[in-house]
Amino acid sequence: MINYARKILKWSIGIIIVAIFALLYRINDPDRSNYFPKCPFYKLTGYKCPGCGSQRAIHHLLNAEFCQAFKENALLVISIPYLLTGFTFDLIKNPGERMLKWRKALFGKKAIYIILSLIIAFWILRNIPYFQHLL
Amino acid sequence: METTSNQTPPKTWLVESILVTLFCCLPFGIAGIVNAAKVESKFNAGDIDGANKASADAKKWTTIGFWGGIAVAVIYIIIGLIIGFDKLR
């Protein structure tokens with residue numbers, strides 16, 4: 001009983017925190033406000049990291065401006081459906097054989113290496129002048 | 001000989017690692033993803049102890065990345081409050 005109550009409390013607090021942040025990011029454009037933390041990597045090196053633009057992208061996503069969100073951080077927008085799928089797979093306690101097969105295909109070793117390569121390629125490409133406007 | 005083909009591997013922390021990479025601007029997320037791959041490969045090879053250890057490592061790096069990101073945000077806000085946010089632009 002106490003365990004359940006604790007779980008419900010934990011999830012409720014989590015949902016409230018996410019809702020507050022969603023509201024903050026929907027109302028404020030991190031590009032125009034001074035209050036949003038800047039990327040330390042960009043500040044120090046002048047190069048974008050794979051996560052640069054994700055705060056602005058979230059702002060645009062929450063306002064249903066998908067094109068702008070894609071321009072700020074394409075990788076973030078693309079990864080959302082994948083992350084939601086992964087989160088759902090994590091919640092399944094006793095997956096069947098078919099589920100395990102899907103898990104292995106989507107989140108197995110090969111998939112992880114592909115993701116890692118994608119992130120690093122994105123990181124390099126978005127700092128090359130010709131691609132800068134695309135990524 | 002233990003088979004692992006019909007079991008669930010230990011938690012790889014992949015989703016959390018990707019989130020840390022995209023939001024905390026820190027290389028710790030990448031370390032988490034590398035360890036996620038290690039969990040999978042060790043588990044596939046039947047090395048359950050090794051997979052559990054890699055899972056613990058993945059958790060460690062993602063947690064460090066998560067709190068590191070929060071720490072950066074808190075430090076930013078403290079500096080902003082002291083010297084003024086308009087000077088941080």
# chains A, B, ... in the order shown; residues from 1 in each chain; ligands from 1

call {"tool": "residues_around", "arguments": {"residues": "stretch 16-19 of chain B", "least_positions_apart": "4", "cutoff": "7 Å", "atoms": "only C-alpha atoms", "output": "number ranges by chain"}}
result
B: 23, 29-30, 32-33, 62

call {"tool": "write_last_selection", "arguments": {"atoms": "N, CA and C atoms", "output": "mmCIF file, in the first residue's frame"}}
result
data_model
loop_
_atom_site.group_PDB
_atom_site.id
_atom_site.type_symbol
_atom_site.label_atom_id
_atom_site.label_comp_id
_atom_site.auth_asym_id
_atom_site.auth_seq_id
_atom_site.Cartn_x
_atom_site.Cartn_y
_atom_site.Cartn_z
ATOM 1 N N PHE B 23 20.279 17.332 -24.135
ATOM 2 C CA PHE B 23 19.838 18.451 -23.301
ATOM 3 C C PHE B 23 20.891 18.997 -22.358
ATOM 4 N N GLY B 29 26.633 11.908 -21.761
ATOM 5 C CA GLY B 29 25.586 11.171 -22.466
ATOM 6 C C GLY B 29 26.194 10.176 -23.438
ATOM 7 N N ILE B 30 27.260 10.615 -24.120
ATOM 8 C CA ILE B 30 27.951 9.731 -25.073
ATOM 9 C C ILE B 30 28.553 8.534 -24.325
ATOM 10 N N GLY B 32 27.418 7.277 -21.682
ATOM 11 C CA GLY B 32 26.269 6.430 -21.361
ATOM 12 C C GLY B 32 25.877 5.556 -22.539
ATOM 13 N N ILE B 33 25.864 6.146 -23.750
ATOM 14 C CA ILE B 33 25.466 5.388 -24.947
ATOM 15 C C ILE B 33 26.481 4.280 -25.230
ATOM 16 N N THR B 62 25.016 8.439 -16.993
ATOM 17 C CA THR B 62 23.806 9.223 -17.266
ATOM 18 C C THR B 62 23.456 10.080 -16.061
#

call {"tool": "interface_residues", "arguments": {"of": "chain A", "to": "chain B", "cutoff": "7 Å", "atoms": "only C-alpha atoms", "output": "PyMOL selection string"}}
result
chain A and resi 34-35+37+39+41+49-51+54+76+83+86-87+97+108-109+112-113

call {"tool": "select_by_dssp", "arguments": {"residues": "chain B", "states": "helix (DSSP H, G or I)", "output": "ChimeraX atom specification"}}
result
/B:14-23,28-44,48-83,85-88
